[in-house]
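Enquirer: Just so it is clear, I am handing over query.cif, which has mmCIF, C-alpha atoms.
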data_input
#
loop_
_atom_site.label_atom_id
_atom_site.label_comp_id
_atom_site.auth_asym_id
_atom_site.auth_seq_id
_atom_site.Cartn_x
_atom_site.Cartn_y
_atom_site.Cartn_z
CA MET X 172 -2.34 -61.53 -71.98
CA TYR X 173 -1.26 -59.44 -75.01
CA PRO X 174 -3.68 -58.79 -77.86
CA ILE X 175 -3.29 -61.05 -80.81
CA ASP X 176 -1.64 -58.32 -82.89
CA SER X 177 0.72 -57.14 -80.14
CA LYS X 178 3.78 -58.66 -81.82
CA ALA X 179 2.92 -56.97 -85.10
CA THR X 180 2.36 -53.67 -83.31
CA LEU X 181 5.66 -53.99 -81.47
CA HIS X 182 7.45 -54.81 -84.70
CA LEU X 183 5.88 -51.78 -86.36
CA ARG X 184 6.92 -49.49 -83.51
CA LEU X 185 10.47 -50.87 -83.59
CA THR X 186 10.60 -50.37 -87.33
CA GLU X 187 9.39 -46.79 -86.96
CA ALA X 188 11.92 -46.13 -84.17
CA LEU X 189 14.75 -47.54 -86.28
CA ALA X 190 13.65 -45.47 -89.27
CA LEU X 191 13.58 -42.34 -87.09
CA ALA X 192 16.99 -43.18 -85.63
CA ASN X 193 18.39 -43.77 -89.11
CA LYS X 194 16.91 -40.49 -90.26
CA GLU X 195 18.55 -38.68 -87.33
CA LEU X 196 21.87 -40.40 -87.98
CA LEU X 197 21.65 -39.50 -91.67
CA PHE X 198 20.91 -35.88 -90.73
CA GLN X 199 23.90 -35.79 -88.36
CA TYR X 200 26.11 -37.39 -91.01
CA GLU X 201 25.02 -34.85 -93.61
CA GLU X 202 25.67 -32.00 -91.17
CA LYS X 203 29.13 -33.35 -90.35
CA ALA X 204 29.85 -33.88 -94.04
CA LYS X 205 28.77 -30.29 -94.68
CA ARG X 206 31.07 -28.99 -91.93
CA VAL X 207 33.95 -31.07 -93.26
CA ALA X 208 33.35 -29.67 -96.74
CA GLU X 209 33.30 -26.14 -95.32
CA LEU X 210 36.56 -26.80 -93.48
CA VAL X 211 38.15 -28.15 -96.67
CA ILE X 212 37.05 -25.04 -98.54
CA ALA X 213 38.30 -22.85 -95.69
CA ASP X 214 41.65 -24.64 -95.70
CA LYS X 215 41.93 -24.11 -99.44
CA GLU X 216 41.16 -20.42 -98.96
CA LYS X 217 43.72 -20.20 -96.17
CA ALA X 218 46.29 -21.93 -98.36
CA LYS X 219 45.48 -19.54 -101.19
CA ARG X 220 45.77 -16.52 -98.90
CA ALA X 221 49.01 -17.88 -97.43
CA ALA X 222 50.44 -18.29 -100.93
CA GLU X 223 49.37 -14.77 -101.86
CA HIS X 224 50.86 -13.45 -98.61
CA GLU X 225 54.16 -15.24 -99.29
CA GLU X 226 54.21 -13.82 -102.81
CA SER X 227 53.63 -10.32 -101.41
CA ILE X 228 56.49 -10.79 -98.92
CA GLN X 229 58.83 -11.86 -101.71
CA GLU X 230 57.81 -8.83 -103.75
CA ILE X 231 58.48 -6.57 -100.77
CA LEU X 232 61.90 -8.13 -100.20
CA ALA X 233 62.75 -7.75 -103.88
CA THR X 234 61.70 -4.10 -103.77
CA GLN X 235 63.79 -3.54 -100.65
CA ASP X 236 66.82 -5.17 -102.24
CA GLN X 237 66.48 -2.97 -105.33
CA MET X 238 66.15 0.10 -103.14
CA LEU X 239 69.19 -0.89 -101.07
CA ALA X 240 71.22 -1.41 -104.23
CA CYS X 241 70.25 2.04 -105.50
CA LEU X 242 71.07 3.73 -102.20
CA ASN X 243 74.41 1.93 -101.97
CA ALA X 244 75.23 2.91 -105.55
CA LEU X 245 74.38 6.52 -104.69
CA LEU X 246 76.72 6.45 -101.70
CA LEU X 247 79.55 4.83 -103.66
CA ALA X 248 79.24 7.41 -106.42
CA ARG X 249 79.63 10.13 -103.80
CA ASP X 250 82.34 8.58 -101.63
CA ASN X 251 84.72 5.93 -102.98
CA GLU X 252 85.93 4.98 -99.49
CA ALA X 253 82.38 4.02 -98.52
CA GLY X 254 82.49 0.72 -100.43
CA LYS X 255 84.92 -1.36 -98.41
CA HIS X 256 84.02 0.59 -95.27
CA GLY X 257 80.42 -0.50 -95.69
CA ILE X 258 81.38 -4.13 -96.24
CA ARG X 259 83.70 -4.19 -93.24
CA THR X 260 81.27 -2.46 -90.89
CA GLN X 261 78.40 -4.79 -91.79
CA HIS X 262 80.59 -7.77 -90.87
CA TYR X 263 81.73 -6.07 -87.65
CA VAL X 264 78.10 -5.40 -86.77
CA LYS X 265 77.12 -9.00 -87.43
CA ALA X 266 80.01 -10.26 -85.26
CA ILE X 267 78.99 -8.09 -82.31
CA ALA X 268 75.27 -8.79 -82.69
CA THR X 269 75.88 -12.53 -82.89
CA ARG X 270 78.03 -12.38 -79.76
CA LEU X 271 75.35 -10.39 -77.91
CA PHE X 272 72.80 -13.01 -78.97
CA THR X 273 75.05 -15.77 -77.62
CA MET X 274 75.53 -13.83 -74.39
CA GLY X 275 71.77 -13.41 -74.02
CA LYS X 276 72.06 -9.61 -73.97
CA TYR X 277 69.26 -7.37 -75.23
CA PRO X 278 67.05 -10.36 -76.10
CA ASN X 279 64.15 -8.15 -77.19
CA GLU X 280 66.31 -6.30 -79.71
CA ILE X 281 68.84 -8.94 -80.77
CA THR X 282 67.23 -11.92 -82.47
CA GLU X 283 68.28 -14.06 -85.42
CA LEU X 284 66.02 -12.01 -87.68
CA LYS X 285 67.36 -8.74 -86.29
CA ILE X 286 70.96 -9.83 -86.86
CA ASP X 287 70.19 -10.29 -90.55
CA LEU X 288 68.49 -6.89 -90.72
CA LEU X 289 71.48 -5.26 -89.01
CA PHE X 290 73.89 -6.89 -91.45
CA ARG X 291 71.96 -5.75 -94.51
CA ALA X 292 71.24 -2.24 -93.21
CA ALA X 293 74.75 -1.45 -91.94
CA PRO X 294 76.28 -0.16 -95.22
CA LEU X 295 73.69 2.64 -95.26
CA HIS X 296 74.73 4.20 -91.95
CA ASP X 297 76.69 6.95 -93.76
CA ILE X 298 74.21 7.53 -96.60
CA GLY X 299 73.80 11.10 -95.35
CA LYS X 300 77.31 11.94 -96.56
CA VAL X 301 75.86 12.31 -100.06
CA GLY X 302 74.66 15.70 -98.82
CA ILE X 303 78.07 16.85 -97.54
CA PRO X 304 80.29 18.96 -99.86
CA ASP X 305 83.42 17.35 -101.36
CA SER X 306 85.51 20.15 -99.87
CA ILE X 307 84.70 18.72 -96.45
CA LEU X 308 84.53 14.99 -97.19
CA GLN X 309 87.82 14.93 -99.07
CA LYS X 310 89.75 17.42 -96.97
CA SER X 311 93.20 16.05 -96.16
CA CYS X 312 93.64 17.93 -92.89
CA ASN X 313 91.55 18.57 -89.79
CA LEU X 314 88.20 20.26 -90.22
CA ASP X 315 87.53 23.66 -88.67
CA ALA X 316 84.60 24.27 -86.33
CA ALA X 317 82.21 25.38 -89.09
CA GLU X 318 83.08 22.37 -91.25
CA TRP X 319 82.52 20.02 -88.31
CA ILE X 320 79.03 21.42 -87.84
CA ILE X 321 78.26 20.69 -91.48
CA LEU X 322 79.78 17.19 -91.36
CA LYS X 323 77.69 16.29 -88.31
CA THR X 324 74.53 16.90 -90.31
CA HIS X 325 75.17 13.69 -92.27
CA THR X 326 73.31 11.86 -89.49
CA THR X 327 70.05 13.76 -89.90
CA ILE X 328 70.46 13.94 -93.69
CA GLY X 329 70.77 10.16 -93.68
CA GLU X 330 67.59 9.84 -91.64
CA SER X 331 65.75 12.07 -94.12
CA ILE X 332 66.96 10.16 -97.17
CA LEU X 333 66.09 6.79 -95.70
CA SER X 334 62.73 8.01 -94.37
CA ALA X 335 61.83 9.15 -97.89
CA ALA X 336 62.85 5.71 -99.18
CA ARG X 337 60.76 3.83 -96.62
CA LEU X 338 57.78 2.10 -98.19
CA PRO X 339 54.26 2.90 -96.85
CA PHE X 340 53.69 -0.68 -95.63
CA GLU X 341 56.96 -0.97 -93.75
CA ASN X 342 57.10 -1.41 -89.98
CA LYS X 343 59.85 -1.11 -87.38
CA LYS X 344 61.25 -4.54 -88.28
CA THR X 345 62.44 -3.78 -91.82
CA ILE X 346 65.85 -3.04 -93.29
CA ILE X 347 65.13 0.60 -94.06
CA SER X 348 63.73 1.25 -90.59
CA THR X 349 66.81 -0.37 -89.07
CA ALA X 350 69.08 1.72 -91.32
CA ILE X 351 67.29 4.92 -90.21
CA LYS X 352 68.18 4.17 -86.60
CA MET X 353 71.79 3.42 -87.50
CA ALA X 354 72.19 6.53 -89.65
CA GLY X 355 70.70 8.85 -87.07
CA GLY X 356 72.28 7.38 -83.95
CA HIS X 357 75.73 5.97 -84.70
CA HIS X 358 77.44 9.15 -83.44
CA GLU X 359 75.50 9.30 -80.18
CA ASN X 360 77.53 8.52 -77.06
CA TRP X 361 76.61 6.41 -74.05
CA ASP X 362 77.18 9.38 -71.71
CA GLY X 363 75.11 11.81 -73.78
CA THR X 364 77.99 13.79 -75.30
CA GLY X 365 77.36 12.64 -78.87
CA TYR X 366 75.31 14.07 -81.72
CA PRO X 367 72.85 14.91 -83.23
CA ARG X 368 70.53 14.70 -80.18
CA GLY X 369 72.79 14.05 -77.20
CA LEU X 370 70.95 10.83 -76.29
CA VAL X 371 72.00 9.07 -73.09
CA GLY X 372 72.44 5.33 -72.58
CA GLU X 373 69.73 3.07 -73.95
CA ALA X 374 67.85 6.02 -75.43
CA THR X 375 70.03 5.37 -78.48
CA PRO X 376 68.82 2.28 -80.38
CA VAL X 377 70.91 -0.88 -79.94
CA SER X 378 71.54 -0.99 -83.69
CA ALA X 379 73.17 2.46 -83.56
CA ARG X 380 75.18 1.60 -80.44
CA ILE X 381 76.60 -1.46 -82.19
CA MET X 382 77.36 0.55 -85.32
CA SER X 383 79.14 3.16 -83.21
CA ILE X 384 81.87 0.71 -82.20
CA ALA X 385 82.06 -0.83 -85.69
CA ASP X 386 82.43 2.63 -87.26
CA VAL X 387 85.09 3.84 -84.84
CA TYR X 388 87.11 0.63 -85.12
CA ASP X 389 87.14 0.81 -88.92
CA ALA X 390 87.93 4.52 -89.00
CA LEU X 391 90.94 4.10 -86.72
CA VAL X 392 92.34 0.85 -88.14
CA SER X 393 92.11 2.16 -91.73
CA LYS X 394 94.48 4.55 -93.47
CA ARG X 395 92.98 7.87 -94.46
CA THR X 396 94.34 11.03 -96.12
CA TYR X 397 93.75 12.98 -92.92
CA LYS X 398 95.15 10.43 -90.42
CA LYS X 399 97.64 7.63 -89.91
CA GLN X 400 96.59 4.01 -89.62
CA TRP X 401 96.37 2.69 -86.07
CA THR X 402 97.35 -0.82 -85.11
CA HIS X 403 94.63 -3.26 -84.14
CA GLU X 404 95.95 -3.33 -80.57
CA GLN X 405 95.85 0.46 -80.32
CA VAL X 406 92.26 0.56 -81.52
CA VAL X 407 91.15 -2.16 -79.09
CA GLU X 408 92.79 -0.26 -76.22
CA GLU X 409 91.10 2.97 -77.31
CA ILE X 410 87.65 1.41 -77.52
CA VAL X 411 88.02 -0.31 -74.15
CA SER X 412 89.11 3.00 -72.61
CA MET X 413 85.81 4.56 -73.73
CA ARG X 414 83.65 1.89 -72.11
CA ASN X 415 80.84 3.63 -70.18
CA THR X 416 81.59 7.01 -71.80
CA LYS X 417 81.36 6.81 -75.58
CA PHE X 418 80.28 3.18 -75.82
CA ASP X 419 77.68 0.91 -74.24
CA PRO X 420 79.68 -1.26 -71.76
CA VAL X 421 77.77 -4.42 -72.69
CA ILE X 422 78.58 -3.94 -76.37
CA VAL X 423 82.22 -3.24 -75.54
CA ASP X 424 82.31 -6.59 -73.72
CA ALA X 425 80.96 -8.26 -76.86
CA PHE X 426 83.56 -6.42 -78.95
CA ILE X 427 86.36 -7.66 -76.69
CA GLU X 428 85.18 -11.23 -77.26
CA GLU X 429 85.10 -10.65 -81.02
CA GLN X 430 88.26 -8.57 -81.42
CA GLU X 431 90.08 -11.29 -83.37
CA SER X 432 87.14 -11.52 -85.75
CA PHE X 433 87.36 -7.75 -86.25
CA TRP X 434 91.00 -7.97 -87.26
CA GLU X 435 90.32 -10.85 -89.64
CA ILE X 436 87.49 -8.87 -91.26
CA ALA X 437 89.70 -5.79 -91.58
CA GLN X 438 92.34 -7.83 -93.40
CA LEU X 439 89.92 -9.74 -95.59
CA TYR X 440 88.19 -6.60 -96.89
CA ARG X 441 91.03 -4.10 -96.61
CA ASP X 442 91.30 -1.22 -99.06
CA ALA X 443 93.37 -1.90 -102.15
#
Can you turn what I pasted into structure tokens?
Expert:
Amino acid sequence: MYPIDSKATLHLRLTEALALANKELLFQYEEKAKRVAELVIADKEKAKRAAEHEESIQEILATQDQMLACLNALLLARDNEAGKHGIRTQHYVKAIATRLFTMGKYPNEITELKIDLLFRAAPLHDIGKVGIPDSILQKSCNLDAAEWIILKTHTTIGESILSAARLPFENKKTIISTAIKMAGGHHENWDGTGYPRGLVGEATPVSARIMSIADVYDALVSKRTYKKQWTHEQVVEEIVSMRNTKFDPVIVDAFIEEQESFWEIAQLYRDA
């Protein structure tokens, strides 16, 4: 037998239990609401930081573009032939790099982003020629041994100019950094007989090895005061003959696949 007030007591206990449960649920709800609010604030902060980061990137790119324009203008003022040569070589470089990407070669170095960097950096590969005397650059006959030594320094001069132009916050994946590699290494040879450092094989950056073929093709297929213009077929034969000696064999294979594109580029941007 229950006491007379057992039902009232039970009701009271149930009421107290429900009140406690409701209090606990309310506490949990408030805690969750607090966490949600914190997440919303955090997301807003992240969005703000992301927007600021994007703005900084755009400012960096704008600064780089201005710097590239200045450097290109400097080169053009020093060497009139550099204009169309720079345009042609950047398209040659893009053609080879795109082919390498399609072939799956050098996947760590050749990406879609890197192809764009190569294209934009390519015209600066000869920036070091601003430090070479006119008497050598514009000579209409072959250079003597002493003059050749001076001309070869355009590679290291180019590195110095571009290194001075590199912004403090730049890394190895920027246009200027890519241009430094091209300027310093586009006269290195696969077999180590090139200059300025005599690098062998893959010790020369891929960007410079690509530029090497682009530079030689354009030099030979173009008319210059000191040489006759070669035919496209003659240039292709010459480049293929230097596979494994002057040029990276993999890049030569890519060039062979893109040789028609090279000729089309040469005609489209030929000197007036």
Enquirer: Considering all atoms listed in the file, state which residue in the set X:Ile381, X:Ala208, X:Ile436, X:Met353 is at the smallest distance from X:Leu295.
Expert: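 That would be X:Met353, the residue with the smallest distance to X:Leu295.
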Enquirer: Could you pull out every residue with an atom within 8 Å of (72.9, -0.8, -94.8), file coordinates, counting only C-alpha atoms, and send them as an NGL selection string?
Expert: :X and (239 or 243 or 257 or 261 or 289-296 or 346-347 or 350)
Enquirer: Residues of stretch 236-349 of chain X within 9 Å of stretch 437-441 of chain X: nearest atom pair and distance (Å, one decimal) for each, counting only C-alpha atoms, sorted by chain and number, as CSV?
Expert:
residue,atom,partner,partner_atom,distance
X:Lys255,CA,X:Tyr440,CA,6.4
X:His256,CA,X:Tyr440,CA,8.5
X:Ile258,CA,X:Tyr440,CA,7.3
X:Arg259,CA,X:Tyr440,CA,6.3
X:Tyr263,CA,X:Ala437,CA,8.9
Enquirer: Can you pull out the residues contacting X:Glu280? Cut-off 10 Å, using only C-alpha atoms, and skip same-chain residues under 3 positions away; I want them as JSON, numbers by chain.
Expert: {"X": [268, 272, 276, 277, 283, 284, 285, 286, 376, 377, 378]}
Enquirer: Running the PyMOL selection byres ((chain X and resi 422) around 12) on this model by hand, what would come out? Give it as a ChimeraX atom specification.
Expert: /X:263-264,266-272,274-277,281,361,372-373,377-385,410-411,413-415,417-421,423-430
Enquirer: Any chance you can output those residues with C-alpha atoms as a PDB file, in the coordinates of the input?
Expert:
ATOM      1  CA  TYR X 263      81.730  -6.070 -87.650  1.00  0.00           C
ATOM      2  CA  VAL X 264      78.100  -5.400 -86.770  1.00  0.00           C
ATOM      3  CA  ALA X 266      80.010 -10.260 -85.260  1.00  0.00           C
ATOM      4  CA  ILE X 267      78.990  -8.090 -82.310  1.00  0.00           C
ATOM      5  CA  ALA X 268      75.270  -8.790 -82.690  1.00  0.00           C
ATOM      6  CA  THR X 269      75.880 -12.530 -82.890  1.00  0.00           C
ATOM      7  CA  ARG X 270      78.030 -12.380 -79.760  1.00  0.00           C
ATOM      8  CA  LEU X 271      75.350 -10.390 -77.910  1.00  0.00           C
ATOM      9  CA  PHE X 272      72.800 -13.010 -78.970  1.00  0.00           C
ATOM     10  CA  MET X 274      75.530 -13.830 -74.390  1.00  0.00           C
ATOM     11  CA  GLY X 275      71.770 -13.410 -74.020  1.00  0.00           C
ATOM     12  CA  LYS X 276      72.060  -9.610 -73.970  1.00  0.00           C
ATOM     13  CA  TYR X 277      69.260  -7.370 -75.230  1.00  0.00           C
ATOM     14  CA  ILE X 281      68.840  -8.940 -80.770  1.00  0.00           C
ATOM     15  CA  TRP X 361      76.610   6.410 -74.050  1.00  0.00           C
ATOM     16  CA  GLY X 372      72.440   5.330 -72.580  1.00  0.00           C
ATOM     17  CA  GLU X 373      69.730   3.070 -73.950  1.00  0.00           C
ATOM     18  CA  VAL X 377      70.910  -0.880 -79.940  1.00  0.00           C
ATOM     19  CA  SER X 378      71.540  -0.990 -83.690  1.00  0.00           C
ATOM     20  CA  ALA X 379      73.170   2.460 -83.560  1.00  0.00           C
ATOM     21  CA  ARG X 380      75.180   1.600 -80.440  1.00  0.00           C
ATOM     22  CA  ILE X 381      76.600  -1.460 -82.190  1.00  0.00           C
ATOM     23  CA  MET X 382      77.360   0.550 -85.320  1.00  0.00           C
ATOM     24  CA  SER X 383      79.140   3.160 -83.210  1.00  0.00           C
ATOM     25  CA  ILE X 384      81.870   0.710 -82.200  1.00  0.00           C
ATOM     26  CA  ALA X 385      82.060  -0.830 -85.690  1.00  0.00           C
ATOM     27  CA  ILE X 410      87.650   1.410 -77.520  1.00  0.00           C
ATOM     28  CA  VAL X 411      88.020  -0.310 -74.150  1.00  0.00           C
ATOM     29  CA  MET X 413      85.810   4.560 -73.730  1.00  0.00           C
ATOM     30  CA  ARG X 414      83.650   1.890 -72.110  1.00  0.00           C
ATOM     31  CA  ASN X 415      80.840   3.630 -70.180  1.00  0.00           C
ATOM     32  CA  LYS X 417      81.360   6.810 -75.580  1.00  0.00           C
ATOM     33  CA  PHE X 418      80.280   3.180 -75.820  1.00  0.00           C
ATOM     34  CA  ASP X 419      77.680   0.910 -74.240  1.00  0.00           C
ATOM     35  CA  PRO X 420      79.680  -1.260 -71.760  1.00  0.00           C
ATOM     36  CA  VAL X 421      77.770  -4.420 -72.690  1.00  0.00           C
ATOM     37  CA  VAL X 423      82.220  -3.240 -75.540  1.00  0.00           C
ATOM     38  CA  ASP X 424      82.310  -6.590 -73.720  1.00  0.00           C
ATOM     39  CA  ALA X 425      80.960  -8.260 -76.860  1.00  0.00           C
ATOM     40  CA  PHE X 426      83.560  -6.420 -78.950  1.00  0.00           C
ATOM     41  CA  ILE X 427      86.360  -7.660 -76.690  1.00  0.00           C
ATOM     42  CA  GLU X 428      85.180 -11.230 -77.260  1.00  0.00           C
ATOM     43  CA  GLU X 429      85.100 -10.650 -81.020  1.00  0.00           C
ATOM     44  CA  GLN X 430      88.260  -8.570 -81.420  1.00  0.00           C
TER      45      GLN X 430
END
Enquirer: Given the file above and the PyMOL selection byres ((chain X and resi 297) around 12), which residues are selected, and can you give them as a PyMOL selection string?
Expert: chain X and resi 242-243+245-247+249-250+252-254+256-257+260+292-296+298-303+308+322-330+332-333+350-358+379+382-383+386
Enquirer: In Å to one decimal, how far is atom CA of X:Tyr366 from atom CA of X:Ser334?
Expert: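 Interatomic distance here is 18.8 Å.
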Enquirer: Please, what distance in Å, to one decimal, runs between atom CA of X:Ala240 and atom CA of X:Lys265?
Expert: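 Taking atom CA of X:Ala240 as the start and atom CA of X:Lys265 as the end point, the length is 19.4 Å.
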